[in-house]
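Text of the file protein.pdb, holding PDB, C-alpha atoms:
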```
ATOM      1  CA  MET A 202     127.762  85.627 126.670
ATOM      2  CA  LYS A 203     124.546  87.411 127.625
ATOM      3  CA  LEU A 204     126.281  90.691 126.873
ATOM      4  CA  TRP A 205     126.112  90.334 123.093
ATOM      5  CA  PRO A 206     122.308  90.146 122.749
ATOM      6  CA  ALA A 207     121.970  93.218 124.974
ATOM      7  CA  LEU A 208     124.581  95.073 122.940
ATOM      8  CA  ALA A 209     122.899  94.058 119.698
ATOM      9  CA  CYS A 210     119.512  95.210 121.002
ATOM     10  CA  ALA A 211     120.968  98.535 122.100
ATOM     11  CA  ALA A 212     122.622  99.022 118.703
ATOM     12  CA  ALA A 213     119.367  98.167 116.926
ATOM     13  CA  VAL A 214     117.406 100.616 119.070
ATOM     14  CA  LEU A 215     120.022 103.329 118.459
ATOM     15  CA  LEU A 216     119.994 102.725 114.711
ATOM     16  CA  GLY A 217     116.202 102.693 114.671
ATOM     17  CA  GLY A 218     116.071 105.944 116.612
ATOM     18  CA  ALA A 219     118.586 107.591 114.297
ATOM     19  CA  LEU A 220     116.686 106.452 111.197
ATOM     20  CA  PHE A 221     113.422 107.672 112.704
ATOM     21  CA  ALA A 222     114.954 111.088 113.450
ATOM     22  CA  VAL A 223     116.293 111.342 109.890
ATOM     23  CA  ILE A 224     112.958 110.372 108.365
ATOM     24  CA  VAL A 225     111.054 112.852 110.510
ATOM     25  CA  HIS A 226     113.398 115.681 109.498
ATOM     26  CA  MET A 227     113.608 114.677 105.854
ATOM     27  CA  PRO A 228     114.493 117.675 103.648
ATOM     28  CA  ASP A 229     112.217 118.566 100.754
ATOM     29  CA  PRO A 230     113.212 116.757  97.574
ATOM     30  CA  PRO A 231     115.053 119.052  95.146
ATOM     31  CA  ILE A 232     112.898 117.964  92.197
ATOM     32  CA  ARG A 233     109.150 117.619  92.478
ATOM     33  CA  LEU A 234     107.952 115.250  89.785
ATOM     34  CA  GLU A 235     104.363 115.107  90.966
ATOM     35  CA  GLY A 236     103.335 118.284  89.167
ATOM     36  CA  ALA A 237     104.989 117.201  85.924
ATOM     37  CA  VAL A 238     103.316 113.786  86.114
ATOM     38  CA  ARG A 239      99.908 115.321  86.690
ATOM     39  CA  ALA A 240     100.389 117.922  83.947
ATOM     40  CA  GLN A 241     101.085 115.245  81.333
ATOM     41  CA  LEU A 242      98.370 112.897  82.553
ATOM     42  CA  PRO A 243      95.747 113.783  79.888
ATOM     43  CA  ALA A 244      98.281 112.936  77.157
ATOM     44  CA  SER A 245      99.272 109.590  78.679
ATOM     45  CA  GLY A 246      96.101 107.709  77.795
ATOM     46  CA  VAL A 247      95.245 106.706  81.365
ATOM     47  CA  ALA A 248      93.844 108.626  84.316
ATOM     48  CA  HIS A 249      95.867 106.997  87.100
ATOM     49  CA  PRO A 250      99.327 108.481  87.644
ATOM     50  CA  VAL A 251     100.968 105.214  88.769
ATOM     51  CA  THR A 252      99.822 103.350  85.656
ATOM     52  CA  ALA A 253     100.886 106.318  83.516
ATOM     53  CA  ILE A 254     104.393 106.183  84.997
ATOM     54  CA  LEU A 255     104.699 102.396  84.736
ATOM     55  CA  LEU A 256     103.472 101.989  81.181
ATOM     56  CA  ASN A 257     103.983 105.336  79.525
ATOM     57  CA  TYR A 258     106.579 107.654  81.065
ATOM     58  CA  ARG A 259     108.847 104.884  82.314
ATOM     59  CA  GLY A 260     107.663 102.085  80.045
ATOM     60  CA  TYR A 261     111.260 101.084  79.382
ATOM     61  CA  ASP A 262     111.741 100.091  83.029
ATOM     62  CA  THR A 263     108.614  97.957  82.997
ATOM     63  CA  LEU A 264     109.695  96.313  79.759
ATOM     64  CA  LEU A 265     113.024  95.339  81.297
ATOM     65  CA  GLU A 266     111.339  94.114  84.492
ATOM     66  CA  VAL A 267     109.184  91.747  82.487
ATOM     67  CA  ALA A 268     112.243  90.590  80.566
ATOM     68  CA  VAL A 269     114.044  89.864  83.846
ATOM     69  CA  LEU A 270     111.100  87.815  85.150
ATOM     70  CA  LEU A 271     110.929  85.884  81.893
ATOM     71  CA  LEU A 272     114.657  85.210  82.101
ATOM     72  CA  ALA A 273     114.245  83.945  85.663
ATOM     73  CA  ALA A 274     111.535  81.505  84.576
ATOM     74  CA  ALA A 275     113.603  80.414  81.581
ATOM     75  CA  GLY A 276     116.592  79.864  83.857
ATOM     76  CA  MET A 277     114.543  77.667  86.172
ATOM     77  CA  LEU A 278     113.306  75.634  83.236
ATOM     78  CA  ALA A 279     116.799  75.390  81.820
ATOM     79  CA  THR A 280     118.111  73.710  84.972
ATOM     80  CA  GLY A 281     115.712  70.885  84.184
ATOM     81  CA  THR A 282     115.453  69.794  87.806
ATOM     82  CA  HIS A 283     111.698  70.193  88.163
ATOM     83  CA  ALA A 284     110.231  66.781  88.715
ATOM     84  CA  GLY A 285     106.878  67.353  87.071
ATOM     85  CA  PRO A 286     103.557  67.115  88.898
ATOM     86  CA  ALA A 287     103.900  67.428  92.637
ATOM     87  CA  SER A 288     100.842  68.100  94.752
ATOM     88  CA  LEU A 289     100.661  69.191  98.353
ATOM     89  CA  ARG A 290      99.658  65.707  99.491
ATOM     90  CA  SER A 291      98.672  62.512  97.802
ATOM     91  CA  ARG A 292      95.049  62.732  98.945
ATOM     92  CA  PRO A 293      93.868  66.357  99.004
ATOM     93  CA  LEU A 294      91.488  67.542 101.686
ATOM     94  CA  PRO A 295      87.882  67.874 100.444
ATOM     95  CA  LEU A 296      87.423  71.155 102.298
ATOM     96  CA  LEU A 297      90.518  72.606 100.627
ATOM     97  CA  GLN A 298      89.250  71.452  97.232
ATOM     98  CA  LEU A 299      85.868  73.043  97.865
ATOM     99  CA  ALA A 300      87.534  76.308  98.895
ATOM    100  CA  ALA A 301      89.697  76.256  95.767
ATOM    101  CA  ARG A 302      86.698  75.580  93.519
ATOM    102  CA  LYS A 303      84.775  78.469  95.080
ATOM    103  CA  LEU A 304      87.654  80.946  95.328
ATOM    104  CA  VAL A 305      89.586  80.521  92.093
ATOM    105  CA  PRO A 306      86.835  81.844  89.735
ATOM    106  CA  PRO A 307      86.396  85.084  91.746
ATOM    107  CA  MET A 308      90.185  85.466  91.787
ATOM    108  CA  ILE A 309      90.249  85.310  87.984
ATOM    109  CA  VAL A 310      87.470  87.913  87.851
ATOM    110  CA  VAL A 311      89.407  90.109  90.298
ATOM    111  CA  ALA A 312      92.492  89.849  88.080
ATOM    112  CA  GLY A 313      90.464  91.018  85.081
ATOM    113  CA  TYR A 314      89.021  93.843  87.161
ATOM    114  CA  PHE A 315      92.523  94.950  88.212
ATOM    115  CA  VAL A 316      93.607  95.197  84.572
ATOM    116  CA  TRP A 317      90.544  97.214  83.631
ATOM    117  CA  ILE A 318      90.508  99.521  86.654
ATOM    118  CA  GLY A 319      94.264 100.132  86.375
ATOM    119  CA  ALA A 320      93.625 102.965  83.934
ATOM    120  CA  ARG A 321      91.723 104.969  86.522
ATOM    121  CA  ALA A 322      92.503 103.668  90.001
ATOM    122  CA  PRO A 323      95.031 101.477  91.805
ATOM    123  CA  GLY A 324      95.422  98.187  89.983
ATOM    124  CA  GLY A 325      97.344  97.104  86.953
ATOM    125  CA  ALA A 326      99.126  94.243  85.304
ATOM    126  CA  PHE A 327     101.524  93.274  88.086
ATOM    127  CA  GLN A 328      98.833  92.995  90.735
ATOM    128  CA  ALA A 329      96.481  91.199  88.347
ATOM    129  CA  GLY A 330      99.248  88.819  87.320
ATOM    130  CA  ALA A 331     100.068  88.082  90.941
ATOM    131  CA  VAL A 332      96.409  87.298  91.666
ATOM    132  CA  LEU A 333      96.258  84.988  88.644
ATOM    133  CA  ALA A 334      99.450  83.264  89.744
ATOM    134  CA  ALA A 335      98.108  82.884  93.281
ATOM    135  CA  ALA A 336      94.934  81.316  91.858
ATOM    136  CA  ALA A 337      97.004  78.856  89.820
ATOM    137  CA  VAL A 338      99.226  77.954  92.773
ATOM    138  CA  PHE A 339      96.209  77.578  95.053
ATOM    139  CA  SER A 340      94.334  75.281  92.691
ATOM    140  CA  CYS A 341      97.488  73.208  92.229
ATOM    141  CA  LEU A 342      98.162  72.924  95.973
ATOM    142  CA  ALA A 343      94.535  72.023  96.673
ATOM    143  CA  GLY A 344      94.729  69.273  94.086
ATOM    144  CA  VAL A 345      91.993  70.735  91.877
ATOM    145  CA  ALA A 346      94.319  71.304  88.949
ATOM    146  CA  PRO A 347      97.422  69.302  88.119
ATOM    147  CA  ALA A 348     100.807  70.941  88.603
ATOM    148  CA  TRP A 349     102.496  72.103  85.459
ATOM    149  CA  ALA A 350     104.896  69.737  83.787
ATOM    150  CA  ALA A 351     107.488  71.020  81.345
ATOM    151  CA  PRO A 352     105.708  73.682  79.293
ATOM    152  CA  ARG A 353     104.485  72.914  75.807
ATOM    153  CA  LEU A 354     104.047  75.419  73.021
ATOM    154  CA  LEU A 355     100.917  77.102  74.424
ATOM    155  CA  LEU A 356     102.400  77.766  77.846
ATOM    156  CA  ARG A 357     105.679  78.901  76.321
ATOM    157  CA  ALA A 358     103.732  81.350  74.168
ATOM    158  CA  GLY A 359     101.928  82.546  77.288
ATOM    159  CA  LEU A 360     105.195  83.019  79.161
ATOM    160  CA  ALA A 361     106.795  85.071  76.406
ATOM    161  CA  GLY A 362     103.633  86.675  75.037
ATOM    162  CA  GLY A 363     103.579  89.675  77.352
ATOM    163  CA  LEU A 364     107.120  90.676  76.526
ATOM    164  CA  LEU A 365     106.561  90.092  72.802
ATOM    165  CA  VAL A 366     103.385  92.183  72.739
ATOM    166  CA  PHE A 367     105.152  94.892  74.733
ATOM    167  CA  LEU A 368     108.091  94.857  72.313
ATOM    168  CA  THR A 369     105.758  94.983  69.315
ATOM    169  CA  VAL A 370     103.876  97.938  70.757
ATOM    170  CA  ALA A 371     107.191  99.591  71.643
ATOM    171  CA  ALA A 372     108.396  99.224  68.082
ATOM    172  CA  LEU A 373     105.252 100.700  66.544
ATOM    173  CA  PRO A 374     106.151 103.771  64.504
ATOM    174  CA  SER A 375     105.552 106.965  66.435
ATOM    175  CA  SER A 376     105.607 110.639  65.554
ATOM    176  CA  SER A 377     109.043 111.184  67.103
ATOM    177  CA  GLY A 378     110.513 107.963  65.786
ATOM    178  CA  ALA A 379     111.583 106.827  69.242
ATOM    179  CA  LEU A 380     110.834 103.510  70.898
ATOM    180  CA  LEU A 381     107.947 103.293  73.370
ATOM    181  CA  HIS A 382     106.292 106.509  72.291
ATOM    182  CA  TYR A 383     102.565 105.983  71.980
ATOM    183  CA  ARG A 384     100.472 108.242  69.821
ATOM    184  CA  HIS A 385      98.091 110.144  72.041
ATOM    185  CA  GLU A 386      94.928 108.953  70.329
ATOM    186  CA  ARG A 387      96.032 105.317  70.498
ATOM    187  CA  ALA A 388      97.685 105.375  73.929
ATOM    188  CA  ALA A 389      94.678 104.148  75.925
ATOM    189  CA  VAL A 390      94.044 101.127  73.674
ATOM    190  CA  LEU A 391      97.723 100.237  73.441
ATOM    191  CA  ILE A 392      98.222 100.428  77.201
ATOM    192  CA  LEU A 393      95.184  98.220  77.791
ATOM    193  CA  LEU A 394      96.511  95.737  75.225
ATOM    194  CA  VAL A 395      99.961  95.668  76.819
ATOM    195  CA  GLU A 396      98.493  95.336  80.306
ATOM    196  CA  SER A 397      96.256  92.433  79.312
ATOM    197  CA  ALA A 398      99.133  90.570  77.678
ATOM    198  CA  LEU A 399     101.404  91.339  80.615
ATOM    199  CA  THR A 400      98.811  90.031  83.068
ATOM    200  CA  LEU A 401      98.589  86.627  81.383
ATOM    201  CA  SER A 402     102.353  86.461  80.999
ATOM    202  CA  LEU A 403     103.199  87.581  84.531
ATOM    203  CA  GLY A 404     100.548  85.253  85.914
ATOM    204  CA  SER A 405     102.070  82.243  84.191
ATOM    205  CA  ILE A 406     105.653  83.323  84.951
ATOM    206  CA  LEU A 407     104.983  83.864  88.654
ATOM    207  CA  ALA A 408     103.024  80.627  88.907
ATOM    208  CA  GLY A 409     105.815  78.900  86.991
ATOM    209  CA  LEU A 410     108.382  80.167  89.483
ATOM    210  CA  PHE A 411     106.447  78.149  92.059
ATOM    211  CA  MET A 412     105.550  75.124  89.931
ATOM    212  CA  TRP A 413     109.012  74.577  88.519
ATOM    213  CA  LEU A 414     110.888  74.820  91.772
ATOM    214  CA  PRO A 415     113.805  72.440  91.693
ATOM    215  CA  ARG A 416     112.823  69.364  93.684
ATOM    216  CA  GLU A 417     116.009  67.412  93.661
ATOM    217  CA  GLY A 418     115.741  63.848  94.835
ATOM    218  CA  GLU A 419     111.987  63.807  95.188
ATOM    219  CA  GLY A 420     111.307  62.681  91.647
ATOM    220  CA  LYS A 421     113.496  59.630  92.092
ATOM    221  CA  THR A 422     111.942  58.201  95.262
TER     222      THR A 422
ATOM    223  CA  MET B1301      90.665 109.517 117.549
ATOM    224  CA  ILE B1302      89.576 106.149 116.159
ATOM    225  CA  ALA B1303      92.065 106.527 113.319
ATOM    226  CA  ALA B1304      94.903 107.288 115.715
ATOM    227  CA  THR B1305      93.987 104.314 117.899
ATOM    228  CA  PHE B1306      93.899 102.055 114.841
ATOM    229  CA  ASP B1307      97.289 103.331 113.696
ATOM    230  CA  ALA B1308      98.796 102.786 117.129
ATOM    231  CA  MET B1309      97.421  99.229 117.247
ATOM    232  CA  LEU B1310      98.763  98.631 113.750
ATOM    233  CA  VAL B1311     102.242  99.799 114.729
ATOM    234  CA  VAL B1312     102.235  97.609 117.824
ATOM    235  CA  ALA B1313     101.004  94.597 115.853
ATOM    236  CA  LEU B1314     103.624  95.178 113.135
ATOM    237  CA  LEU B1315     106.458  95.367 115.631
ATOM    238  CA  TRP B1316     105.107  92.381 117.549
ATOM    239  CA  SER B1317     104.828  90.174 114.461
ATOM    240  CA  ALA B1318     108.253  91.309 113.209
ATOM    241  CA  VAL B1319     109.962  90.517 116.525
ATOM    242  CA  TRP B1320     108.269  87.121 116.875
ATOM    243  CA  CYS B1321     108.893  86.271 113.243
ATOM    244  CA  LEU B1322     112.601  86.551 113.999
ATOM    245  CA  ALA B1323     112.504  85.140 117.524
ATOM    246  CA  ALA B1324     110.201  82.142 117.039
ATOM    247  CA  ARG B1325     111.945  78.809 117.500
ATOM    248  CA  HIS B1326     109.833  76.884 114.996
ATOM    249  CA  LEU B1327     110.378  77.798 111.354
ATOM    250  CA  PHE B1328     106.711  77.149 110.606
ATOM    251  CA  ARG B1329     105.698  79.741 113.162
ATOM    252  CA  SER B1330     108.187  82.183 111.676
ATOM    253  CA  VAL B1331     106.752  81.715 108.200
ATOM    254  CA  VAL B1332     103.176  82.190 109.396
ATOM    255  CA  LEU B1333     104.191  85.295 111.327
ATOM    256  CA  PHE B1334     105.982  86.599 108.241
ATOM    257  CA  ILE B1335     102.753  86.241 106.256
ATOM    258  CA  VAL B1336     100.859  87.947 109.083
ATOM    259  CA  PHE B1337     103.450  90.724 109.035
ATOM    260  CA  GLY B1338     102.939  91.113 105.284
ATOM    261  CA  GLN B1339      99.180  91.416 105.653
ATOM    262  CA  LEU B1340      99.580  93.976 108.452
ATOM    263  CA  MET B1341     101.972  95.831 106.160
ATOM    264  CA  VAL B1342      99.188  95.916 103.553
ATOM    265  CA  LEU B1343      97.014  97.751 106.076
ATOM    266  CA  ALA B1344      99.893 100.085 106.885
ATOM    267  CA  TRP B1345     100.436 100.934 103.204
ATOM    268  CA  ALA B1346      96.710 101.541 102.800
ATOM    269  CA  ARG B1347      96.735 103.824 105.844
ATOM    270  CA  LEU B1348      99.736 105.695 104.405
ATOM    271  CA  GLY B1349      97.726 106.417 101.273
ATOM    272  CA  ALA B1350      99.620 104.101  98.948
ATOM    273  CA  PRO B1351      96.913 101.729  97.665
ATOM    274  CA  ASP B1352      99.046 100.634  94.707
ATOM    275  CA  VAL B1353     101.808  99.360  96.962
ATOM    276  CA  ALA B1354      99.212  97.815  99.271
ATOM    277  CA  LEU B1355      97.670  95.861  96.389
ATOM    278  CA  ALA B1356     101.033  94.613  95.178
ATOM    279  CA  GLU B1357     102.027  93.576  98.682
ATOM    280  CA  ALA B1358      98.713  91.818  99.255
ATOM    281  CA  ALA B1359      98.905  89.886  96.003
ATOM    282  CA  ILE B1360     102.608  89.032  95.965
ATOM    283  CA  GLY B1361     103.319  88.908  99.706
ATOM    284  CA  GLY B1362     100.211  86.987 100.641
ATOM    285  CA  GLY B1363      99.662  84.910  97.547
ATOM    286  CA  LEU B1364     103.104  83.940  96.350
ATOM    287  CA  THR B1365     105.813  84.570  98.923
ATOM    288  CA  GLY B1366     103.816  82.714 101.558
ATOM    289  CA  ALA B1367     103.294  79.732  99.291
ATOM    290  CA  LEU B1368     106.976  79.702  98.318
ATOM    291  CA  LEU B1369     108.126  79.885 101.943
ATOM    292  CA  LEU B1370     105.761  77.117 103.035
ATOM    293  CA  ASP B1371     106.908  74.970 100.122
ATOM    294  CA  THR B1372     110.531  75.525 101.102
ATOM    295  CA  LEU B1373     109.665  74.578 104.665
ATOM    296  CA  GLY B1374     108.048  71.310 103.591
ATOM    297  CA  HIS B1375     111.061  70.602 101.429
ATOM    298  CA  LEU B1376     113.436  71.195 104.340
ATOM    299  CA  GLN B1377     111.402  68.968 106.649
ATOM    300  CA  ARG B1378     111.259  66.105 104.162
ATOM    301  CA  ARG B1379     114.979  66.411 103.652
ATOM    302  CA  GLY B1380     115.605  66.414 107.414
ATOM    303  CA  LYS B1381     113.536  63.244 107.836
ATOM    304  CA  ARG B1382     115.404  61.500 105.052
ATOM    305  CA  GLY B1383     118.710  62.574 106.574
ATOM    306  CA  LYS B1384     117.742  61.048 109.917
ATOM    307  CA  ALA B1385     116.478  57.840 108.351
ATOM    308  CA  GLY B1386     119.522  57.341 106.134
TER     309      GLY B1386
END
```
Can the structure in the file be given as structure tokens, please?
Amino acid sequence: MKLWPALACAAAVLLGGALFAVIVHMPDPPIRLEGAVRAQLPASGVAHPVTAILLNYRGYDTLLEVAVLLLAAAGMLATGTHAGPASLRSRPLPLLQLAARKLVPPMIVVAGYFVWIGARAPGGAFQAGAVLAAAAVFSCLAGVAPAWAAPRLLLRAGLAGGLLVFLTVAALPSSSGALLHYRHERAAVLILLVESALTLSLGSILAGLFMWLPREGEGKT
Amino acid sequence: MIAATFDAMLVVALLWSAVWCLAARHLFRSVVLFIVFGQLMVLAWARLGAPDVALAEAAIGGGLTGALLLDTLGHLQRRGKRGKAG
């Protein structure tokens, strides 16, 4: 019986070695998109290539990603198994509460900074949304803020707002008549608007994915 | 020289945390090592010159996946206790 682990290890090492050899001798990609991305950068409205790709060149992909996340949150809510407020423990630790009180405000500031800096440097809506969501989850676990019950109108608007703003911006009339074509002079403002809305939306969706976890049985006891 | 040493240490630490994440007997230890692995991966992405990926990994891997995994773990433990009691 000791033979199988050894065989599995040997196979893993072989596979790893083969993958390593392939990666080291990777052929040059047939199409180099980097030059094209950089050439169009002044027209995209932002100065950071990753943000330009995510929200301008390939905005359609990002739009669908947000729709998928929203659908996931809606699906969790639709199951109706979340049992409402559930904290980490009945009596939260004072030290944890202090840490949450001190750390959550800077996290919110960092999220805002990520949105703003995303036009020029690494950052952007997804990272900012994740930081916001982490702040919400942290404050809930530490017992500083109550966990989210079933969402009312405001939270529902927040969940869907990012996608709606994105869709509205996508449908704005453009010179070519196509969806998701920003006018050059408006691109920077529109991208910032979309990113801000996406941050709030993604933050609440990602936090919701944690808060509305199905907790079967626990609500009844 | 310092950069190469740092990279070598990073590789060793990544492999170490990955192996122990899979091999640890306690699930809690596995989860913690998975979070550690994620944070080491953040450093690796930063060293590879991909700060965007590093930021996403730091925020999602550290902030959310860890919390979700720990929550799942607590859920499993409570369920196990109830199963033994009943």
- Message: Applying the PyMOL selection byres ((chain B and resi 1336) around 10) to the file I just gave you, which residues come out? Please list them as number ranges by chain.
- Response: B: 1313-1314, 1317-1318, 1321, 1330-1335, 1337-1342, 1361-1362, 1366
Each residue of chain A lying at most 8 Å from chain B should get a row with its shortest atom-to-atom pair and the distance in Å to one decimal, counting all atoms listed in the file; could you produce that, ordered by chain and increasing number, as CSV?
```
residue,atom,partner,partner_atom,distance
A:Val251,CA,B:Asp1352,CA,7.7
A:Pro323,CA,B:Asp1352,CA,5.0
A:Gly324,CA,B:Asp1352,CA,6.4
A:Phe327,CA,B:Ala1356,CA,7.2
A:Gln328,CA,B:Ala1356,CA,5.2
A:Ala331,CA,B:Ala1359,CA,5.5
A:Val332,CA,B:Ala1359,CA,5.6
A:Ala334,CA,B:Leu1364,CA,7.6
A:Ala335,CA,B:Gly1363,CA,5.0
A:Val338,CA,B:Ala1367,CA,7.9
A:Leu407,CA,B:Leu1364,CA,7.9
A:Phe411,CA,B:Leu1368,CA,6.5
```
Would you save the residues from that selection as a PDB file, keeping the file's coordinate frame, using C-alpha atoms?
```pdb
ATOM      1  CA  VAL A 251     100.968 105.214  88.769  1.00  0.00           C
ATOM      2  CA  PRO A 323      95.031 101.477  91.805  1.00  0.00           C
ATOM      3  CA  GLY A 324      95.422  98.187  89.983  1.00  0.00           C
ATOM      4  CA  PHE A 327     101.524  93.274  88.086  1.00  0.00           C
ATOM      5  CA  GLN A 328      98.833  92.995  90.735  1.00  0.00           C
ATOM      6  CA  ALA A 331     100.068  88.082  90.941  1.00  0.00           C
ATOM      7  CA  VAL A 332      96.409  87.298  91.666  1.00  0.00           C
ATOM      8  CA  ALA A 334      99.450  83.264  89.744  1.00  0.00           C
ATOM      9  CA  ALA A 335      98.108  82.884  93.281  1.00  0.00           C
ATOM     10  CA  VAL A 338      99.226  77.954  92.773  1.00  0.00           C
ATOM     11  CA  LEU A 407     104.983  83.864  88.654  1.00  0.00           C
ATOM     12  CA  PHE A 411     106.447  78.149  92.059  1.00  0.00           C
TER      13      PHE A 411
END
```
- Task: Please identify all polymer residues within 9 Å of Arg302 in chain A, counting all atoms listed in the file, omitting same-chain residues fewer than 4 positions from it, and present them as an MDAnalysis selection string.
- Result: chainID A and resid 297:298 306 340 345
Just the selected residues (C-alpha atoms), exported as a PDB file, in the coordinates of the input, please.
```
ATOM      1  CA  LEU A 297      90.518  72.606 100.627  1.00  0.00           C
ATOM      2  CA  GLN A 298      89.250  71.452  97.232  1.00  0.00           C
ATOM      3  CA  PRO A 306      86.835  81.844  89.735  1.00  0.00           C
ATOM      4  CA  SER A 340      94.334  75.281  92.691  1.00  0.00           C
ATOM      5  CA  VAL A 345      91.993  70.735  91.877  1.00  0.00           C
TER       6      VAL A 345
END
```
- Message: Using Å and a single decimal, report how far CA of Ser402 in chain A sits from CA of Ala351 in chain A.
- Response: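 A separation of 16.3 Å between them.
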Once 6 Å is added on each side, what are the centre and the three edge lengths, in Å to one decimal, of the axis-aligned box enclosing the listed atoms of range 228-239 of chain A? Present them as AutoDock Vina command-line options.
```
--center_x 107.5 --center_y 116.4 --center_z 94.8 --size_x 27.1 --size_y 17.3 --size_z 29.7
```
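Counting from CA of Ala275 in chain A, the distance to CA of His382 in chain A is 28.6 Å.
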- Message: Need the shell around Leu299 in chain A: protein/DNA/RNA residues with any atom at most 9 Å away, counting only C-alpha atoms. Skip same-chain ones fewer than 4 positions apart. Format as a PyMOL selection string?
- Response: chain A and resi 294-295+303-304+343+345
- Item | Atom-to-atom span, CA of Gln241 in chain A and CA of Ile318 in chain A, Å | 19.7 Å
- Task: Considering all atoms listed in the file, state which residue in the set A:Val225, A:Ala336, A:Leu342, A:Leu265 is at the smallest distance from Leu364 in chain A.
- Result: A:Leu265
- Query: Which is closer to Ser245 in chain A than all the others in A:Glu386, A:Glu266, A:Asp229, A:Glu396, using only C-alpha atoms?
  - Reply: A:Glu386
- Message: For the provided coordinates, the residues matched by the PyMOL selection byres ((chain A and resi 261) around 12) should be stated as JSON, numbers by chain.
- Response: {"A": [254, 255, 256, 257, 258, 259, 260, 262, 263, 264, 265, 266, 267, 268, 364, 367, 368, 370, 371, 372, 379, 380, 381, 382]}
